[in-house]
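Participant: Dropping in protein_35.cif, with mmCIF, C-alpha atoms and all ligand atoms.
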data_target
loop_
_atom_site.group_PDB
_atom_site.id
_atom_site.type_symbol
_atom_site.label_atom_id
_atom_site.label_comp_id
_atom_site.auth_asym_id
_atom_site.auth_seq_id
_atom_site.Cartn_x
_atom_site.Cartn_y
_atom_site.Cartn_z
ATOM 1 C CA MET A 1 161.003 166.691 154.944
ATOM 2 C CA ALA A 2 159.645 166.159 151.413
ATOM 3 C CA THR A 3 156.572 163.969 150.960
ATOM 4 C CA ASP A 4 157.081 161.210 148.348
ATOM 5 C CA TYR A 5 155.034 161.948 145.239
ATOM 6 C CA ASP A 6 152.589 159.187 144.239
ATOM 7 C CA ARG A 7 152.401 159.307 140.431
ATOM 8 C CA ASN A 8 149.194 157.259 140.527
ATOM 9 C CA ASN A 9 147.133 159.805 142.447
ATOM 10 C CA ILE A 10 143.950 160.835 140.624
ATOM 11 C CA PHE A 11 145.120 164.374 139.803
ATOM 12 C CA ALA A 12 148.369 163.036 138.295
ATOM 13 C CA LYS A 13 146.195 160.795 136.089
ATOM 14 C CA ILE A 14 144.008 163.753 135.097
ATOM 15 C CA LEU A 15 147.138 165.787 134.257
ATOM 16 C CA ARG A 16 148.459 162.945 132.065
ATOM 17 C CA GLY A 17 145.074 162.624 130.329
ATOM 18 C CA GLU A 18 144.540 159.137 131.769
ATOM 19 C CA ALA A 19 141.434 160.143 133.750
ATOM 20 C CA PRO A 20 138.629 162.506 132.690
ATOM 21 C CA CYS A 21 137.833 165.902 134.145
ATOM 22 C CA PHE A 22 135.453 168.811 133.562
ATOM 23 C CA LYS A 23 138.174 171.201 132.465
ATOM 24 C CA VAL A 24 137.616 174.932 132.806
ATOM 25 C CA PHE A 25 141.107 176.326 132.161
ATOM 26 C CA GLU A 26 144.607 175.206 131.221
ATOM 27 C CA ASP A 27 147.907 176.974 130.621
ATOM 28 C CA GLU A 28 151.558 175.850 130.529
ATOM 29 C CA THR A 29 151.847 175.333 134.286
ATOM 30 C CA THR A 30 148.339 174.909 135.722
ATOM 31 C CA LEU A 31 145.032 173.130 135.140
ATOM 32 C CA ALA A 32 141.606 174.000 136.588
ATOM 33 C CA PHE A 33 138.635 171.636 136.633
ATOM 34 C CA MET A 34 135.360 171.060 138.458
ATOM 35 C CA ASP A 35 135.414 169.220 141.786
ATOM 36 C CA VAL A 36 133.249 166.129 141.222
ATOM 37 C CA MET A 37 132.111 166.081 144.873
ATOM 38 C CA PRO A 38 131.582 169.821 145.239
ATOM 39 C CA GLN A 39 130.989 171.588 148.531
ATOM 40 C CA SER A 40 128.869 174.118 146.647
ATOM 41 C CA GLU A 41 127.736 174.695 143.086
ATOM 42 C CA GLY A 42 130.751 175.935 141.105
ATOM 43 C CA HIS A 43 133.479 174.350 143.284
ATOM 44 C CA VAL A 44 136.651 174.460 141.145
ATOM 45 C CA LEU A 45 140.114 172.983 141.750
ATOM 46 C CA VAL A 46 143.370 174.521 140.517
ATOM 47 C CA VAL A 47 146.408 172.220 140.291
ATOM 48 C CA PRO A 48 150.010 172.824 139.221
ATOM 49 C CA LYS A 49 151.383 170.577 136.477
ATOM 50 C CA GLU A 50 154.520 170.131 138.559
ATOM 51 C CA ASP A 51 154.728 166.940 140.667
ATOM 52 C CA ALA A 52 154.246 168.110 144.261
ATOM 53 C CA ALA A 53 152.216 166.412 146.967
ATOM 54 C CA GLN A 54 152.047 169.385 149.328
ATOM 55 C CA ILE A 55 152.747 173.107 149.241
ATOM 56 C CA PHE A 56 156.155 172.535 150.835
ATOM 57 C CA GLU A 57 157.445 170.765 147.706
ATOM 58 C CA LEU A 58 156.034 173.229 145.164
ATOM 59 C CA SER A 59 158.598 175.447 143.381
ATOM 60 C CA ALA A 60 158.201 179.187 143.842
ATOM 61 C CA PRO A 61 157.395 179.758 140.126
ATOM 62 C CA ALA A 62 154.713 177.042 140.231
ATOM 63 C CA ALA A 63 153.237 178.544 143.421
ATOM 64 C CA LEU A 64 153.075 181.930 141.720
ATOM 65 C CA ALA A 65 151.448 180.424 138.630
ATOM 66 C CA CYS A 66 148.868 178.634 140.801
ATOM 67 C CA MET A 67 147.943 181.834 142.585
ATOM 68 C CA GLN A 68 147.536 183.685 139.287
ATOM 69 C CA THR A 69 145.221 180.935 138.036
ATOM 70 C CA VAL A 70 143.348 180.877 141.361
ATOM 71 C CA GLN A 71 142.656 184.601 141.078
ATOM 72 C CA ARG A 72 141.693 184.311 137.402
ATOM 73 C CA LEU A 73 139.284 181.466 138.157
ATOM 74 C CA SER A 74 137.877 183.224 141.236
ATOM 75 C CA LEU A 75 136.966 186.193 139.040
ATOM 76 C CA ALA A 76 135.426 183.895 136.403
ATOM 77 C CA VAL A 77 133.426 181.928 139.000
ATOM 78 C CA ARG A 78 132.152 185.169 140.536
ATOM 79 C CA ALA A 79 131.152 186.546 137.130
ATOM 80 C CA ALA A 80 129.495 183.272 136.068
ATOM 81 C CA LEU A 81 127.586 182.377 139.229
ATOM 82 C CA GLU A 82 127.298 185.609 141.233
ATOM 83 C CA PRO A 83 127.932 184.092 144.680
ATOM 84 C CA THR A 84 127.701 186.337 147.737
ATOM 85 C CA GLY A 85 131.067 185.047 149.007
ATOM 86 C CA LEU A 86 133.940 182.814 147.866
ATOM 87 C CA ILE A 87 136.386 180.574 149.745
ATOM 88 C CA VAL A 88 139.945 179.794 148.569
ATOM 89 C CA ALA A 89 141.423 176.845 150.507
ATOM 90 C CA GLN A 90 144.391 174.491 150.326
ATOM 91 C CA PHE A 91 145.069 171.502 152.624
ATOM 92 C CA ASN A 92 148.402 169.811 153.378
ATOM 93 C CA GLY A 93 148.439 166.305 154.870
ATOM 94 C CA SER A 94 145.581 164.089 156.012
ATOM 95 C CA ASP A 95 145.551 165.789 159.418
ATOM 96 C CA ALA A 96 144.641 169.000 157.603
ATOM 97 C CA GLY A 97 141.944 167.269 155.528
ATOM 98 C CA GLN A 98 143.949 166.560 152.347
ATOM 99 C CA THR A 99 142.577 163.514 150.513
ATOM 100 C CA VAL A 100 144.388 163.743 147.144
ATOM 101 C CA PRO A 101 148.214 163.903 147.405
ATOM 102 C CA HIS A 102 148.843 166.458 144.647
ATOM 103 C CA VAL A 103 148.847 170.156 145.595
ATOM 104 C CA HIS A 104 145.541 171.844 144.766
ATOM 105 C CA PHE A 105 143.592 174.961 145.593
ATOM 106 C CA HIS A 106 139.842 174.890 146.214
ATOM 107 C CA ILE A 107 137.680 177.725 144.896
ATOM 108 C CA ILE A 108 134.303 177.402 146.617
ATOM 109 C CA PRO A 109 131.586 179.946 145.894
ATOM 110 C CA ARG A 110 129.217 180.663 148.792
ATOM 111 C CA TRP A 111 125.657 181.851 149.100
ATOM 112 C CA LYS A 112 124.407 183.014 152.490
ATOM 113 C CA SER A 113 121.242 180.921 152.249
ATOM 114 C CA GLU A 114 122.965 177.665 151.215
ATOM 115 C CA PRO A 115 124.867 175.398 153.618
ATOM 116 C CA LEU A 116 128.359 174.184 152.715
ATOM 117 C CA LEU A 117 128.181 170.506 151.662
ATOM 118 C CA PRO A 118 130.566 168.008 153.341
ATOM 119 C CA HIS A 119 134.114 167.704 152.001
ATOM 120 C CA ALA A 120 134.637 165.146 149.185
ATOM 121 C CA ARG A 121 131.436 163.209 149.929
ATOM 122 C CA VAL A 122 128.535 163.951 147.577
ATOM 123 C CA PRO A 123 129.058 163.222 143.840
ATOM 124 C CA ALA A 124 127.449 165.834 141.585
ATOM 125 C CA ASP A 125 125.373 165.143 138.485
ATOM 126 C CA PRO A 126 127.891 165.143 135.558
ATOM 127 C CA ALA A 127 125.483 167.047 133.294
ATOM 128 C CA LYS A 128 125.193 169.766 135.918
ATOM 129 C CA LEU A 129 128.986 169.926 136.346
ATOM 130 C CA GLU A 130 129.444 170.324 132.590
ATOM 131 C CA ALA A 131 126.787 173.059 132.449
ATOM 132 C CA ILE A 132 128.525 175.005 135.239
ATOM 133 C CA ALA A 133 131.950 174.461 133.646
ATOM 134 C CA ARG A 134 130.575 175.919 130.419
ATOM 135 C CA LYS A 135 129.345 179.031 132.235
ATOM 136 C CA ILE A 136 132.733 179.527 133.916
ATOM 137 C CA ARG A 137 134.646 178.940 130.663
ATOM 138 C CA ALA A 138 132.496 181.592 128.965
ATOM 139 C CA GLN A 139 133.817 184.155 131.466
ATOM 140 C CA LEU A 140 137.435 183.289 130.625
ATOM 141 C CA GLN A 141 137.222 184.215 126.949
HETATM 142 P P1 LIG B 201 141.516 167.547 149.376
HETATM 143 O O1 LIG B 201 140.709 166.806 150.381
HETATM 144 O O2 LIG B 201 141.864 168.949 149.762
HETATM 145 O O3 LIG B 201 142.701 166.705 148.991
HETATM 146 O O4 LIG B 201 140.589 167.728 148.113
HETATM 147 C C1 LIG B 201 140.464 166.786 147.109
HETATM 148 C C2 LIG B 201 139.247 167.205 146.334
HETATM 149 O O5 LIG B 201 139.272 166.490 145.118
HETATM 150 C C3 LIG B 201 137.932 166.884 147.020
HETATM 151 O O6 LIG B 201 137.173 168.060 147.137
HETATM 152 C C4 LIG B 201 137.276 165.858 146.101
HETATM 153 O O7 LIG B 201 135.885 166.036 146.029
HETATM 154 C C5 LIG B 201 137.949 166.136 144.790
HETATM 155 N N1 LIG B 201 138.082 165.032 143.855
HETATM 156 C C6 LIG B 201 138.401 163.743 144.116
HETATM 157 N N2 LIG B 201 138.489 163.028 142.983
HETATM 158 C C7 LIG B 201 138.232 163.901 141.966
HETATM 159 C C8 LIG B 201 138.175 163.791 140.543
HETATM 160 N N3 LIG B 201 138.389 162.625 139.932
HETATM 161 N N4 LIG B 201 137.874 164.897 139.824
HETATM 162 C C9 LIG B 201 137.633 166.073 140.423
HETATM 163 N N5 LIG B 201 137.660 166.244 141.760
HETATM 164 C C10 LIG B 201 137.957 165.182 142.521
#
Take the structure in the file and write it out as structure tokens.

Facilitator:
Amino acid sequence: MATDYDRNNIFAKILRGEAPCFKVFEDETTLAFMDVMPQSEGHVLVVPKEDAAQIFELSAPAALACMQTVQRLSLAVRAALEPTGLIVAQFNGSDAGQTVPHVHFHIIPRWKSEPLLPHARVPADPAKLEAIARKIRAQLQ
């Protein structure tokens, strides 16, 4: 059963350029930007440009493109921030913890000594987000 796509969700607005983001990467089919309420320093989101609320509605080519971007960004985040671990996560439906109804993949760097912050709760300092985005972008060149 397909989930109706809400064209007014915040990631749809970011994709249309109607809301701002700290962009780190963009190609024909995907966009990657900083999570504004990160669970750790360097938390990045990868979204397909295709309208899909959950993974079940995503086309196979878009899923493939997302995974390529997720791997590319994971490598860039690792090179930029040197975490000791890195989580890739993706939630479908509110029961699974999804809060924004547009498919997205979380890239969350981890350091053994630092606790994971709560999900989508603590807004980060914009200047800090931009500084981290710059470091990650530098690894993509
Ligand atoms: P999920 O709960 O898996 O749907 O994740 C949604 C993520 O989007 C959360 O980690 C939020 O912190 C993040 N988020 C919400 N609004 C924005 C925004 N405007 N820009 C960047 N990240 C956002």

Participant: With all atoms listed in the file as the atoms that count, which of A:Val103, A:Ala138, A:Leu86, A:Ala76 lies nearest to ligand LIG 201 (chain B)?

Facilitator: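 Nearest candidate to ligand LIG 201 (chain B) out of A:Val103, A:Ala138, A:Leu86, A:Ala76: A:Val103.
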
Participant: Hey, which residues sit close to ligand LIG 201 (chain B)? Say within 10 Å, counting all atoms listed in the file, and write them as a PyMOL selection string.

Facilitator: chain A and resi 9-11+13-14+19-23+32-39+43-45+53-54+89-94+96-108+118-124

Participant: Which polymer residues have any atom within 7 Å of an atom of Ala62 (chain A), counting all atoms listed in the file, with same-chain residues fewer than 3 positions away left out, as number ranges by chain?

Facilitator: A: 29, 48, 58-59, 65-66

Participant: Take the PyMOL selection byres (((chain A and resi 25) around 10) and not hetatm), run it mentally on this structure, and tell me the resulting residues as a list in words.

Facilitator: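 Taken over the shown coordinates, the PyMOL selection byres (((chain A and resi 25) around 10) and not hetatm) returns Phe22, Lys23, Val24, Glu26, Asp27, Thr30, Leu31, Ala32, Phe33, Val46, Thr69, Arg72, Leu73, Ala133, Ile136, Arg137 and Leu140 of chain A.
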
Participant: Go through A:Glu82, A:Leu117, A:Ala127, A:Arg7 one by one, measure the shortest atom-to-atom distance of each to Gln139 (chain A) using only C-alpha atoms, and give the residue with the smallest value.

Facilitator: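 Smallest separation from Gln139 (chain A) among the options: A:Glu82.
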
Participant: Please determine, counting all atoms listed in the file, which residue among A:Lys49, A:Leu129, A:Glu57, A:Ser40 has the shortest atom-to-atom distance to Pro115 (chain A).

Facilitator: A:Ser40

Participant: May I ask which of the residues A:Ile132, A:Ala79, A:Ala63, A:Leu116 is the closest one to Glu50 (chain A), counting all atoms listed in the file?

Facilitator: A:Ala63

Participant: Could you tell me how far CA of Ile87 (chain A) sits from CA of Met67 (chain A), in Å to one decimal place?

Facilitator: 13.7 Å

Participant: Could you check which of A:Gln68, A:Val77, A:Thr84, A:Thr3 is closest to Phe56 (chain A), using all atoms listed in the file?

Facilitator: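 When distances to Phe56 (chain A) are compared using all atoms listed in the file, the smallest one comes from A:Thr3.
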
Participant: Nearest residue to Trp111 (chain A) out of A:Pro61, A:Gly42, A:Gly17, A:Pro126, using only C-alpha atoms?

Facilitator: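 Closest candidate: A:Gly42.
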
Participant: Could you work out how far CA of Lys112 (chain A) lies from CA of Arg78 (chain A), giving the answer in Å with one decimal?

Facilitator: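 Distance reported for this atom pair: 14.4 Å.
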
Participant: Could you please determine the separation between CA of Gln71 (chain A) and CA of Glu114 (chain A) in Å, to one decimal place?

Facilitator: 23.2 Å

Participant: Generate N, CA and C atoms for region 105-128 of chain A and emit them as an mmCIF file, in the coordinates of the input.

Facilitator:
data_model
loop_
_atom_site.group_PDB
_atom_site.id
_atom_site.type_symbol
_atom_site.label_atom_id
_atom_site.label_comp_id
_atom_site.auth_asym_id
_atom_site.auth_seq_id
_atom_site.Cartn_x
_atom_site.Cartn_y
_atom_site.Cartn_z
ATOM 1 N N PHE A 105 144.284 173.849 144.942
ATOM 2 C CA PHE A 105 143.592 174.961 145.593
ATOM 3 C C PHE A 105 142.108 174.824 145.298
ATOM 4 N N HIS A 106 141.302 174.934 146.362
ATOM 5 C CA HIS A 106 139.842 174.890 146.214
ATOM 6 C C HIS A 106 139.309 176.307 146.028
ATOM 7 N N ILE A 107 138.430 176.481 145.043
ATOM 8 C CA ILE A 107 137.680 177.725 144.896
ATOM 9 C C ILE A 107 136.221 177.350 145.113
ATOM 10 N N ILE A 108 135.648 177.849 146.212
ATOM 11 C CA ILE A 108 134.303 177.402 146.617
ATOM 12 C C ILE A 108 133.393 178.617 146.765
ATOM 13 N N PRO A 109 132.513 178.822 145.759
ATOM 14 C CA PRO A 109 131.586 179.946 145.894
ATOM 15 C C PRO A 109 130.585 179.705 147.022
ATOM 16 N N ARG A 110 130.137 180.788 147.651
ATOM 17 C CA ARG A 110 129.217 180.663 148.792
ATOM 18 C C ARG A 110 128.006 181.567 148.604
ATOM 19 N N TRP A 111 126.891 181.061 149.051
ATOM 20 C CA TRP A 111 125.657 181.851 149.100
ATOM 21 C C TRP A 111 125.163 181.782 150.538
ATOM 22 N N LYS A 112 124.797 182.930 151.077
ATOM 23 C CA LYS A 112 124.407 183.014 152.490
ATOM 24 C C LYS A 112 123.336 181.984 152.846
ATOM 25 N N SER A 113 122.392 181.775 151.939
ATOM 26 C CA SER A 113 121.242 180.921 152.249
ATOM 27 C C SER A 113 121.551 179.428 152.092
ATOM 28 N N GLU A 114 122.716 179.083 151.503
ATOM 29 C CA GLU A 114 122.965 177.665 151.215
ATOM 30 C C GLU A 114 124.092 177.099 152.064
ATOM 31 N N PRO A 115 123.828 175.980 152.763
ATOM 32 C CA PRO A 115 124.867 175.398 153.618
ATOM 33 C C PRO A 115 126.004 174.803 152.783
ATOM 34 N N LEU A 116 127.205 174.810 153.364
ATOM 35 C CA LEU A 116 128.359 174.184 152.715
ATOM 36 C C LEU A 116 128.166 172.671 152.782
ATOM 37 N N LEU A 117 128.311 171.973 151.654
ATOM 38 C CA LEU A 117 128.181 170.506 151.662
ATOM 39 C C LEU A 117 129.440 169.897 152.277
ATOM 40 N N PRO A 118 129.374 168.620 152.749
ATOM 41 C CA PRO A 118 130.566 168.008 153.341
ATOM 42 C C PRO A 118 131.689 167.848 152.318
ATOM 43 N N HIS A 119 132.911 167.771 152.829
ATOM 44 C CA HIS A 119 134.114 167.704 152.001
ATOM 45 C C HIS A 119 134.249 166.338 151.313
ATOM 46 N N ALA A 120 134.340 166.349 149.978
ATOM 47 C CA ALA A 120 134.637 165.146 149.185
ATOM 48 C C ALA A 120 133.691 163.978 149.483
ATOM 49 N N ARG A 121 132.397 164.261 149.565
ATOM 50 C CA ARG A 121 131.436 163.209 149.929
ATOM 51 C C ARG A 121 130.327 162.981 148.915
ATOM 52 N N VAL A 122 129.773 164.082 148.344
ATOM 53 C CA VAL A 122 128.535 163.951 147.577
ATOM 54 C C VAL A 122 128.810 164.162 146.080
ATOM 55 N N PRO A 123 128.796 163.068 145.277
ATOM 56 C CA PRO A 123 129.058 163.222 143.840
ATOM 57 C C PRO A 123 127.969 164.076 143.173
ATOM 58 N N ALA A 124 128.408 164.977 142.293
ATOM 59 C CA ALA A 124 127.449 165.834 141.585
ATOM 60 C C ALA A 124 127.020 165.171 140.287
ATOM 61 N N ASP A 125 125.874 165.609 139.770
ATOM 62 C CA ASP A 125 125.373 165.143 138.485
ATOM 63 C C ASP A 125 126.335 165.639 137.387
ATOM 64 N N PRO A 126 126.923 164.733 136.587
ATOM 65 C CA PRO A 126 127.891 165.143 135.558
ATOM 66 C C PRO A 126 127.342 166.189 134.593
ATOM 67 N N ALA A 127 126.061 166.072 134.238
ATOM 68 C CA ALA A 127 125.483 167.047 133.294
ATOM 69 C C ALA A 127 125.478 168.441 133.927
ATOM 70 N N LYS A 128 125.209 168.478 135.216
ATOM 71 C CA LYS A 128 125.193 169.766 135.918
ATOM 72 C C LYS A 128 126.609 170.342 136.000
#
